$ cat work-v1.cif   # mmCIF, C-alpha atoms
data_query
loop_
_atom_site.label_atom_id
_atom_site.label_comp_id
_atom_site.auth_asym_id
_atom_site.auth_seq_id
_atom_site.Cartn_x
_atom_site.Cartn_y
_atom_site.Cartn_z
CA MET A 222 -7.99 -31.54 0.60
CA PRO A 223 -7.81 -28.12 2.28
CA GLU A 224 -4.59 -26.29 1.51
CA ILE A 225 -2.53 -23.17 1.89
CA LEU A 226 -1.48 -21.55 -1.34
CA VAL A 227 1.81 -19.66 -1.76
CA VAL A 228 2.20 -17.34 -4.74
CA VAL A 229 5.81 -17.68 -5.82
CA GLU A 230 7.66 -14.72 -7.30
CA HIS A 231 10.61 -15.07 -9.58
CA ARG A 232 12.85 -12.60 -11.31
CA LYS A 233 16.04 -13.04 -13.28
CA GLN A 234 15.73 -16.84 -13.29
CA ARG A 235 15.60 -17.00 -9.50
CA VAL A 236 12.89 -17.69 -6.95
CA ALA A 237 12.58 -14.58 -4.78
CA ASP A 238 13.73 -14.85 -1.15
CA ILE A 239 10.32 -13.71 0.08
CA SER A 240 8.73 -16.72 -1.66
CA LEU A 241 11.13 -19.14 0.03
CA GLN A 242 10.32 -17.54 3.38
CA MET A 243 6.59 -17.94 2.69
CA LEU A 244 7.05 -21.58 1.69
CA SER A 245 8.89 -22.19 4.95
CA LYS A 246 6.15 -20.45 6.97
CA GLY A 247 3.50 -22.23 4.91
CA ARG A 248 5.14 -25.59 5.64
CA GLN A 249 5.04 -24.87 9.38
CA LEU A 250 1.36 -23.84 9.22
CA THR A 251 0.29 -26.79 7.08
CA ASP A 252 2.13 -29.27 9.30
CA GLU A 253 0.36 -27.84 12.36
CA ALA A 254 -3.05 -27.89 10.67
CA GLY A 255 -2.64 -31.15 8.76
CA VAL A 256 -3.40 -29.56 5.39
CA GLY A 257 -1.53 -29.37 2.09
CA LEU A 258 0.86 -26.73 0.78
CA LEU A 259 0.55 -25.64 -2.84
CA ALA A 260 3.08 -23.42 -4.62
CA VAL A 261 1.78 -21.45 -7.61
CA VAL A 262 4.26 -19.97 -10.05
CA ILE A 263 3.23 -17.91 -13.07
CA GLY A 264 5.04 -16.57 -16.12
CA GLY A 265 7.52 -17.39 -18.84
CA GLY A 266 9.72 -20.28 -17.69
CA ALA A 267 7.45 -21.00 -14.69
CA GLY A 268 7.91 -24.73 -15.23
CA THR A 269 11.65 -24.51 -14.70
CA TYR A 270 11.03 -23.75 -11.01
CA ALA A 271 8.74 -26.75 -10.47
CA GLU A 272 11.44 -29.13 -9.32
CA GLU A 273 12.96 -26.66 -6.85
CA LEU A 274 9.53 -25.77 -5.48
CA ALA A 275 8.49 -29.42 -5.18
CA GLY A 276 11.15 -29.73 -2.50
CA TRP A 277 9.19 -27.27 -0.39
CA ALA A 278 5.54 -27.82 -1.23
CA ASP A 279 3.19 -30.81 -1.57
CA GLY A 280 2.17 -29.62 -4.99
CA VAL A 281 3.31 -27.12 -7.60
CA LEU A 282 1.08 -25.40 -10.14
CA ALA A 283 3.22 -23.83 -12.86
CA VAL A 284 1.30 -21.58 -15.25
CA GLU A 285 3.51 -21.17 -18.29
CA ASP A 286 2.91 -18.06 -20.33
CA PRO A 287 5.67 -17.09 -22.75
CA GLU A 288 4.09 -13.64 -23.12
CA LEU A 289 4.74 -12.99 -19.44
CA ALA A 290 8.46 -12.44 -19.04
CA GLY A 291 8.15 -11.12 -15.49
CA PRO A 292 5.30 -11.10 -13.02
CA LEU A 293 2.67 -8.62 -14.20
CA ALA A 294 -0.21 -7.85 -11.87
CA GLU A 295 -3.16 -7.78 -14.26
CA PRO A 296 -2.71 -11.14 -16.05
CA SER A 297 -1.51 -12.73 -12.81
CA GLN A 298 -4.73 -11.58 -11.11
CA LYS A 299 -6.83 -13.34 -13.76
CA ILE A 300 -4.86 -16.56 -13.40
CA LEU A 301 -4.80 -16.50 -9.60
CA SER A 302 -8.48 -15.68 -9.20
CA ALA A 303 -9.37 -18.65 -11.42
CA ILE A 304 -7.11 -20.96 -9.39
CA ILE A 305 -8.39 -19.66 -6.04
CA LYS A 306 -12.06 -19.93 -7.09
CA GLU A 307 -11.51 -23.53 -8.12
CA ARG A 308 -9.32 -24.75 -5.27
CA LYS A 309 -10.75 -22.63 -2.42
CA PRO A 310 -7.60 -22.58 -0.28
CA LEU A 311 -7.80 -21.80 3.46
CA LEU A 312 -5.22 -19.07 3.10
CA VAL A 313 -3.22 -17.44 0.31
CA LEU A 314 0.25 -16.08 1.06
CA MET A 315 1.80 -13.45 -1.19
CA GLY A 316 4.89 -11.29 -0.73
CA HIS A 317 4.39 -7.69 0.35
CA SER A 318 6.61 -6.75 -2.57
CA SER A 319 6.19 -4.43 -5.54
CA PHE A 320 4.38 -7.33 -7.25
CA GLY A 321 2.23 -8.18 -4.22
CA MET A 322 1.31 -4.55 -3.55
CA ASP A 323 0.20 -4.17 -7.18
CA LEU A 324 -1.89 -7.33 -7.13
CA ALA A 325 -3.14 -8.44 -3.68
CA PRO A 326 -5.60 -5.57 -2.99
CA ALA A 327 -7.29 -6.00 -6.39
CA LEU A 328 -7.45 -9.77 -6.00
CA SER A 329 -8.99 -9.46 -2.54
CA VAL A 330 -11.71 -7.11 -3.83
CA GLU A 331 -12.40 -9.35 -6.82
CA LEU A 332 -12.72 -12.46 -4.63
CA GLY A 333 -14.47 -10.67 -1.73
CA VAL A 334 -11.98 -11.97 0.82
CA PRO A 335 -10.18 -10.01 3.56
CA LEU A 336 -6.59 -8.89 3.08
CA VAL A 337 -3.88 -8.23 5.66
CA THR A 338 -0.64 -6.79 4.32
CA ASP A 339 2.93 -6.51 5.58
CA CYS A 340 2.54 -9.52 7.91
CA THR A 341 5.48 -10.42 10.12
CA GLY A 342 3.72 -13.33 11.83
CA VAL A 343 0.91 -15.70 10.89
CA SER A 344 -0.87 -18.42 12.87
CA LEU A 345 -3.99 -20.47 12.25
CA MET B 439 -6.98 16.06 -17.55
CA ASP B 440 -9.44 15.72 -14.66
CA ILE B 441 -7.67 14.39 -11.60
CA ILE B 442 -8.77 13.22 -8.15
CA ALA B 443 -6.14 13.05 -5.40
CA CYS B 444 -6.95 10.98 -2.30
CA ILE B 445 -5.26 12.12 0.89
CA LYS B 446 -5.08 11.09 4.54
CA ARG B 447 -4.29 12.85 7.80
CA ILE B 448 -1.79 11.08 10.04
CA PRO B 449 -0.03 11.75 13.35
CA ASP B 450 3.52 12.99 12.80
CA THR B 451 5.54 10.61 14.93
CA SER B 452 8.90 11.58 13.42
CA GLU B 453 9.35 14.46 15.88
CA ALA B 454 7.93 12.65 18.93
CA ASP B 455 10.30 11.69 21.76
CA THR B 456 8.48 8.45 22.48
CA ILE B 457 5.47 6.67 21.09
CA LYS B 458 3.08 5.25 23.66
CA ILE B 459 0.18 2.90 23.19
CA ASP B 460 -2.94 4.17 24.96
CA PRO B 461 -4.73 2.02 27.60
CA SER B 462 -7.35 0.77 25.11
CA GLN B 463 -4.47 -0.82 23.13
CA MET B 464 -6.31 0.22 19.98
CA SER B 465 -4.36 3.40 19.25
CA ILE B 466 -1.25 5.34 20.15
CA GLU B 467 -1.43 8.31 22.54
CA LYS B 468 -2.00 11.25 20.25
CA GLY B 469 -2.39 14.05 22.82
CA SER B 470 1.05 15.57 22.29
CA LEU B 471 1.40 14.77 18.60
CA VAL B 472 0.93 17.12 15.68
CA PHE B 473 -0.92 15.96 12.60
CA LYS B 474 -0.04 16.32 8.96
CA ILE B 475 -0.78 15.04 5.51
CA ASN B 476 0.52 11.53 4.86
CA ASP B 477 3.93 11.74 3.19
CA TRP B 478 3.05 9.55 0.21
CA ASP B 479 -0.16 11.53 -0.37
CA GLU B 480 1.78 14.78 -0.50
CA TYR B 481 3.84 13.37 -3.38
CA ALA B 482 0.61 12.23 -5.06
CA LEU B 483 -0.81 15.73 -4.66
CA GLU B 484 2.28 17.35 -6.11
CA THR B 485 2.11 14.92 -9.06
CA ALA B 486 -1.54 15.89 -9.54
CA VAL B 487 -0.83 19.64 -9.35
CA GLN B 488 2.03 19.37 -11.87
CA LEU B 489 -0.16 17.35 -14.26
CA LYS B 490 -2.95 19.89 -13.94
CA GLU B 491 -0.51 22.73 -14.62
CA ARG B 492 0.66 20.97 -17.79
CA THR B 493 -2.63 19.68 -19.14
CA GLY B 494 -5.39 21.88 -17.66
CA GLY B 495 -8.56 20.24 -16.39
CA SER B 496 -9.64 19.98 -12.79
CA LEU B 497 -8.07 18.71 -9.57
CA ILE B 498 -10.24 17.62 -6.68
CA ALA B 499 -8.65 16.59 -3.36
CA VAL B 500 -10.70 14.09 -1.36
CA THR B 501 -10.50 12.48 2.05
CA VAL B 502 -12.58 10.29 4.37
CA GLY B 503 -12.46 11.37 8.00
CA PRO B 504 -13.85 13.60 10.78
CA LYS B 505 -13.88 17.41 10.82
CA GLU B 506 -10.30 17.79 12.04
CA TRP B 507 -9.17 16.34 8.74
CA ASP B 508 -10.21 19.54 6.95
CA ASP B 509 -6.72 20.91 7.64
CA VAL B 510 -5.07 18.51 5.18
CA LEU B 511 -7.67 19.41 2.55
CA ARG B 512 -6.90 23.13 3.13
CA ARG B 513 -3.28 22.29 2.49
CA ALA B 514 -4.22 20.48 -0.72
CA LEU B 515 -6.21 23.53 -1.83
CA ALA B 516 -3.19 25.71 -1.10
CA MET B 517 -1.00 23.40 -3.18
CA GLY B 518 -3.30 23.84 -6.18
CA ALA B 519 -6.43 21.70 -5.91
CA ASP B 520 -9.50 23.48 -7.30
CA ARG B 521 -11.82 22.10 -4.70
CA ALA B 522 -11.91 19.56 -1.90
CA ILE B 523 -14.42 17.05 -0.61
CA ARG B 524 -14.43 15.33 2.78
CA VAL B 525 -16.69 12.38 3.39
CA ASP B 526 -17.59 12.76 7.03
CA GLN B 527 -16.95 9.37 8.55
CA ASP B 528 -15.00 8.48 11.66
CA MET B 529 -12.55 5.88 10.43
CA VAL B 530 -11.32 4.64 13.82
CA ALA B 531 -12.83 1.17 13.38
CA ALA B 532 -12.57 1.14 9.60
CA ASP B 533 -10.24 -0.97 7.50
CA CYS B 534 -8.80 -0.14 4.07
CA HIS B 535 -11.66 -1.98 2.39
CA SER B 536 -14.32 0.25 3.98
CA VAL B 537 -12.40 3.42 3.11
CA ALA B 538 -11.97 2.12 -0.44
CA ILE B 539 -15.74 1.64 -0.75
CA VAL B 540 -16.31 5.26 0.26
CA LEU B 541 -13.62 6.59 -2.09
CA ALA B 542 -14.87 4.48 -4.98
CA ALA B 543 -18.44 5.71 -4.47
CA LEU B 544 -17.25 9.32 -4.26
CA THR B 545 -15.03 8.98 -7.33
CA ARG B 546 -17.91 7.55 -9.39
CA SER B 547 -19.87 10.72 -8.64
CA LEU B 548 -17.07 12.98 -9.98
CA PRO B 549 -15.47 13.62 -13.36
CA TYR B 550 -12.05 11.93 -13.60
CA ASP B 551 -9.42 10.71 -16.01
CA LEU B 552 -6.89 9.86 -13.35
CA VAL B 553 -7.08 9.03 -9.63
CA LEU B 554 -3.89 9.42 -7.61
CA CYS B 555 -3.28 7.97 -4.15
CA GLY B 556 -0.19 7.64 -1.99
CA ALA B 557 1.30 4.14 -2.24
CA GLN B 558 0.82 3.65 1.51
CA SER B 559 0.21 5.54 4.73
CA GLU B 560 2.73 6.39 7.38
CA ASP B 561 0.57 5.21 10.27
CA PHE B 562 -0.91 1.82 9.34
CA GLY B 563 1.19 1.30 6.23
CA CYS B 564 -1.18 -1.21 4.62
CA GLY B 565 -0.50 -0.17 1.03
CA GLN B 566 -3.91 -1.48 -0.05
CA LEU B 567 -6.24 1.43 -0.53
CA GLY B 568 -5.51 2.74 -4.04
CA VAL B 569 -5.41 -0.65 -5.74
CA MET B 570 -8.67 -1.64 -3.99
CA VAL B 571 -10.34 1.55 -5.27
CA ALA B 572 -9.11 0.81 -8.82
CA GLU B 573 -10.58 -2.70 -8.71
CA MET B 574 -13.90 -1.36 -7.38
CA LEU B 575 -13.99 1.26 -10.15
CA GLY B 576 -13.00 -1.31 -12.77
CA VAL B 577 -10.13 0.85 -14.07
CA PRO B 578 -6.51 -0.18 -14.70
CA HIS B 579 -3.92 0.71 -12.09
CA ALA B 580 -0.23 0.75 -11.30
CA ALA B 581 1.16 0.75 -7.76
CA LEU B 582 4.43 2.31 -6.54
CA VAL B 583 4.77 4.78 -9.41
CA VAL B 584 8.04 6.73 -9.48
CA GLY B 585 7.72 8.40 -12.90
CA LEU B 586 4.82 9.64 -14.97
CA GLN B 587 4.39 11.20 -18.40
CA GLU B 588 1.04 12.03 -19.95
CA GLU B 589 0.21 11.11 -23.55
CA GLU B 590 -3.00 11.46 -25.54
CA GLY B 591 -5.64 9.47 -23.63
CA LYS B 592 -3.02 7.55 -21.64
CA VAL B 593 -0.14 7.86 -19.21
CA ARG B 594 3.30 6.34 -19.31
CA VAL B 595 4.42 5.27 -15.87
CA ASP B 596 7.52 3.83 -14.25
CA ARG B 597 7.11 1.45 -11.31
CA GLU B 598 9.78 0.79 -8.77
CA LEU B 599 10.64 -2.86 -8.25
CA GLU B 600 13.05 -4.48 -5.83
CA ALA B 601 16.80 -4.03 -6.29
CA GLY B 602 16.40 -0.68 -8.05
CA ILE B 603 14.76 -2.10 -11.18
CA LEU B 604 12.21 0.06 -12.98
CA GLU B 605 9.26 -1.27 -14.95
CA SER B 606 7.54 0.95 -17.54
CA TYR B 607 3.97 0.73 -18.79
CA THR B 608 1.53 2.70 -20.87
CA ILE B 609 -1.88 2.75 -19.23
CA GLU B 610 -5.08 3.92 -20.89
CA LEU B 611 -7.19 6.45 -19.05
CA PRO B 612 -9.23 6.47 -16.91
CA ALA B 613 -6.78 4.86 -14.50
CA LEU B 614 -5.57 4.92 -10.91
CA LEU B 615 -1.95 5.21 -9.79
CA THR B 616 -0.43 4.88 -6.35
CA ILE B 617 2.52 7.21 -6.00
CA GLN B 618 5.84 6.41 -4.37
CA THR B 619 7.77 9.03 -2.38
CA GLY B 620 10.61 10.71 -4.23
CA ILE B 621 8.74 11.07 -7.55
CA ASN B 622 9.00 14.86 -7.23
CA ARG B 623 9.62 17.55 -4.65
CA PRO B 624 6.34 18.68 -3.06
CA ARG B 625 6.11 22.47 -3.14
CA TYR B 626 6.47 24.58 -0.02
CA ILE B 627 3.18 25.86 1.32
CA SER B 628 3.17 28.94 3.52
CA LEU B 629 0.60 29.69 6.18
CA GLY B 630 -0.45 32.64 4.01
CA GLY B 631 -1.03 30.26 1.12
CA ILE B 632 -3.29 28.12 3.29
CA LYS B 633 -5.21 31.23 4.41
CA ARG B 634 -5.69 32.34 0.81
CA ALA B 635 -6.99 28.88 -0.04
CA MET B 636 -9.76 29.34 2.55
CA LYS B 637 -11.80 30.95 -0.23
CA LYS B 638 -11.83 27.72 -2.21
CA GLU B 639 -14.70 25.28 -1.88
CA LEU B 640 -14.47 22.54 0.76
CA GLN B 641 -17.52 20.33 0.53
CA VAL B 642 -18.58 17.86 3.22
CA MET B 643 -20.66 14.82 2.33
CA SER B 644 -22.08 11.95 4.35
CA PRO B 645 -21.68 8.29 3.32
CA GLY B 646 -25.49 8.25 3.04
CA GLU B 647 -25.38 10.90 0.30
CA LEU B 648 -23.20 8.46 -1.65
CA GLY B 649 -25.76 5.70 -1.16
CA LEU B 650 -23.66 3.90 1.45
CA THR B 651 -25.03 2.28 4.60
CA ALA B 652 -23.23 1.29 7.82
CA GLU B 653 -23.71 -2.34 6.83
CA MET B 654 -21.88 -1.78 3.53
CA LEU B 655 -19.00 -0.18 5.41
CA ALA B 656 -18.56 -2.96 7.98
CA PRO B 657 -14.83 -3.76 8.14
CA GLN B 658 -13.48 -7.08 6.86
CA VAL B 659 -10.43 -6.80 9.10
CA LYS B 660 -10.72 -5.70 12.75
CA LEU B 661 -7.90 -4.45 14.93
CA GLU B 662 -7.59 -6.52 18.12
CA ARG B 663 -4.76 -4.66 19.81
CA LEU B 664 -1.59 -2.70 19.24
CA GLU B 665 1.64 -3.70 20.88
CA PHE B 666 5.32 -3.04 20.46
CA PRO B 667 7.29 -5.78 18.72
CA PRO B 668 9.01 -8.14 21.16
CA ARG B 669 12.50 -7.07 22.07
CA GLY B 670 15.05 -9.06 20.05
CA LYS B 671 16.91 -11.70 22.03
CA GLU B 672 20.02 -11.46 19.89
CA ALA B 673 20.81 -7.81 20.52
CA VAL B 674 23.97 -7.16 22.53
CA LEU B 675 24.53 -3.78 24.15
CA ILE B 676 28.20 -2.85 24.24
CA PRO B 677 28.89 -0.66 27.29
CA GLY B 678 31.81 1.71 27.89
CA THR B 679 33.25 4.89 26.39
CA PRO B 680 33.06 5.25 22.58
CA GLU B 681 36.70 4.11 22.33
CA GLU B 682 36.12 1.06 24.53
CA SER B 683 32.94 0.02 22.77
CA ALA B 684 34.53 0.55 19.33
CA GLU B 685 37.42 -1.70 20.36
CA HIS B 686 35.01 -4.32 21.68
CA LEU B 687 32.93 -4.12 18.47
CA ALA B 688 36.04 -4.48 16.32
CA SER B 689 37.05 -7.63 18.21
CA ILE B 690 33.54 -9.09 17.77
CA LEU B 691 33.65 -8.40 14.03
CA GLN B 692 37.16 -9.82 13.83
CA SER B 693 36.25 -13.03 15.64
CA ALA B 694 33.20 -13.38 13.37
CA GLY B 695 35.62 -13.33 10.44
CA ILE B 696 34.15 -10.14 8.96
CA PHE B 697 37.53 -8.41 8.97
#
$ encode --input "work-v1.cif" --output "structure tokens"
Amino acid sequence: MPEILVVVEHRKQRVADISLQMLSKGRQLTDEAGVGLLAVVIGGGAGTYAEELAGWADGVLAVEDPELAGPLAEPSQKILSAIIKERKPLLVLMGHSSFGMDLAPALSVELGVPLVTDCTGVSL
Amino acid sequence: MDIIACIKRIPDTSEADTIKIDPSQMSIEKGSLVFKINDWDEYALETAVQLKERTGGSLIAVTVGPKEWDDVLRRALAMGADRAIRVDQDMVAADCHSVAIVLAALTRSLPYDLVLCGAQSEDFGCGQLGVMVAEMLGVPHAALVVGLQEEEGKVRVDRELEAGILESYTIELPALLTIQTGINRPRYISLGGIKRAMKKELQVMSPGELGLTAEMLAPQVKLERLEFPPRGKEAVLIPGTPEESAEHLASILQSAGIF
């Protein structure tokens, strides 16, 4: 099933506000397009967010890695590129945050897909 | 340490009375604007000059743009770059990805331990370029760097996260960093300093000399139009003298339960 993928950020045992905003926007887009919404969360304790995220998305992929206390760009890039290559989402949403700015441009070059940053509106 | 600093020329809109979009809707009206080096890039340059002063090696300032962009390279030379290279390419229709391809190709042709870019530009503010170049070069990177200390064969960097948190890493060289404003205080450059720097080498190259074709530089993202953001519907203008409007504002805040 085609889907929109939201990369969820968390810090200090909390899902970042930007991720909740993206899930809300993602829900609106997926409802309009009749596709699925997948939340991806990476890092130590990623699984603890699964239940909260399941309230927002159709599916949650939690990649547990105890070595990754916080979101680090380089290992996250490896994990996300593998997920994106396999699932081929229509669209990937990431926060234009310190994490997103460190990761999204590299991921877009690696995958050969276009990147638009600092978005304040999205439509399909 | 051999360093490459990537810089961009941007219109200085901070002093402009108004910003107007030109009839093509693809750009702002630039006729009355002055141009300068992108703020973030100036901090990256200062970081590069300080590193060079501490460690020796070479510093090359590079840009991708038309002839008018030479003025920011002259400034970089005056700040302390040994030489400068401009890849002559009109970037009007380009996106960050195309510029990154040019910069990556140029960087591969030069000696470097460290590439420094500004974290973003003042005009388009994409914040993509440096990290794209790093990925194309296959070197490690850190974005939004606010502190840097060199060690043998590596650099220790601090990154700025949200809510004032700092993250520290050690990165092996060669590497690329994107520099955040405030990391240092860029030195003052006099007109005389820029004139003296005229003796330094400013090389101009074509994308073709780097083995790049127009097809390779086709943008992935195309600008459709520029427009001002819609005016907010929630904004309330409070008329009257300062005293009257202050009183009105206080009553609004009071009725909202703020105080």
$ resolve_selection --input "work-v1.cif" --expression "the PyMOL selection byres ((chain B and resi 635-647) around 10)" --output "ChimeraX atom specification"
/B:498-502,504-505,508,511-527,539-541,543-544,629-634,648-652,655
$ residues_around --input "work-v1.cif" --residues "Ile239 in chain A" --least-positions-apart "3" --cutoff "10 Å" --atoms "all atoms listed in the file" --output "JSON, numbers by chain"
{"A": [229, 230, 231, 236, 242, 243, 244, 245, 315, 316, 317, 318]}
$ interface_residues --input "work-v1.cif" --of "chain B" --to "chain A" --cutoff "10 Å" --atoms "only C-alpha atoms" --output "PyMOL selection string"
chain B and resi 533-535+538+557-558+562-574+576+578-582+597-600+605+615-616+657-659+667
$ atom_distance --input "work-v1.cif" --atom1 "CA of Ile627 in chain B" --atom2 "CA of Gln488 in chain B"
14.7 Å
$ resolve_selection --input "work-v1.cif" --expression "the PyMOL selection byres ((chain B and resi 548-551) around 10)" --output "NGL selection string"
:B and (439-442 or 495-498 or 543-547 or 552-553 or 591-592 or 610-614)
$ atom_distance --input "work-v1.cif" --atom1 "CA of Ile300 in chain A" --atom2 "CA of Asp252 in chain A"
26.9 Å
$ resolve_selection --input "work-v1.cif" --expression "the PyMOL selection byres ((chain A and resi 286) around 12)" --output "ChimeraX atom specification"
/A:262-268,283-285,287-293,296-297,300
$ atom_distance --input "work-v1.cif" --atom1 "CA of Ile466 in chain B" --atom2 "CA of Leu664 in chain B"
8.1 Å
$ closest_residue --input "work-v1.cif" --among "B:Ser452, B:Ala486, B:Ala601, B:Val583" --to "Ala237 in chain A" --atoms "all atoms listed in the file"
B:Ala601
$ residues_around --input "work-v1.cif" --residues "Ser344 in chain A" --least-positions-apart "6" --cutoff "10 Å" --atoms "all atoms listed in the file" --output "PyMOL selection string"
chain A and resi 246-247+249-250+253-254
$ residues_around --input "work-v1.cif" --residues "Leu259 in chain A" --least-positions-apart "2" --cutoff "12 Å" --atoms "all atoms listed in the file" --output "NGL selection string"
:A and (222-229 or 243-245 or 247-248 or 251 or 256-257 or 261-262 or 271 or 274-283 or 304-305 or 308-314)
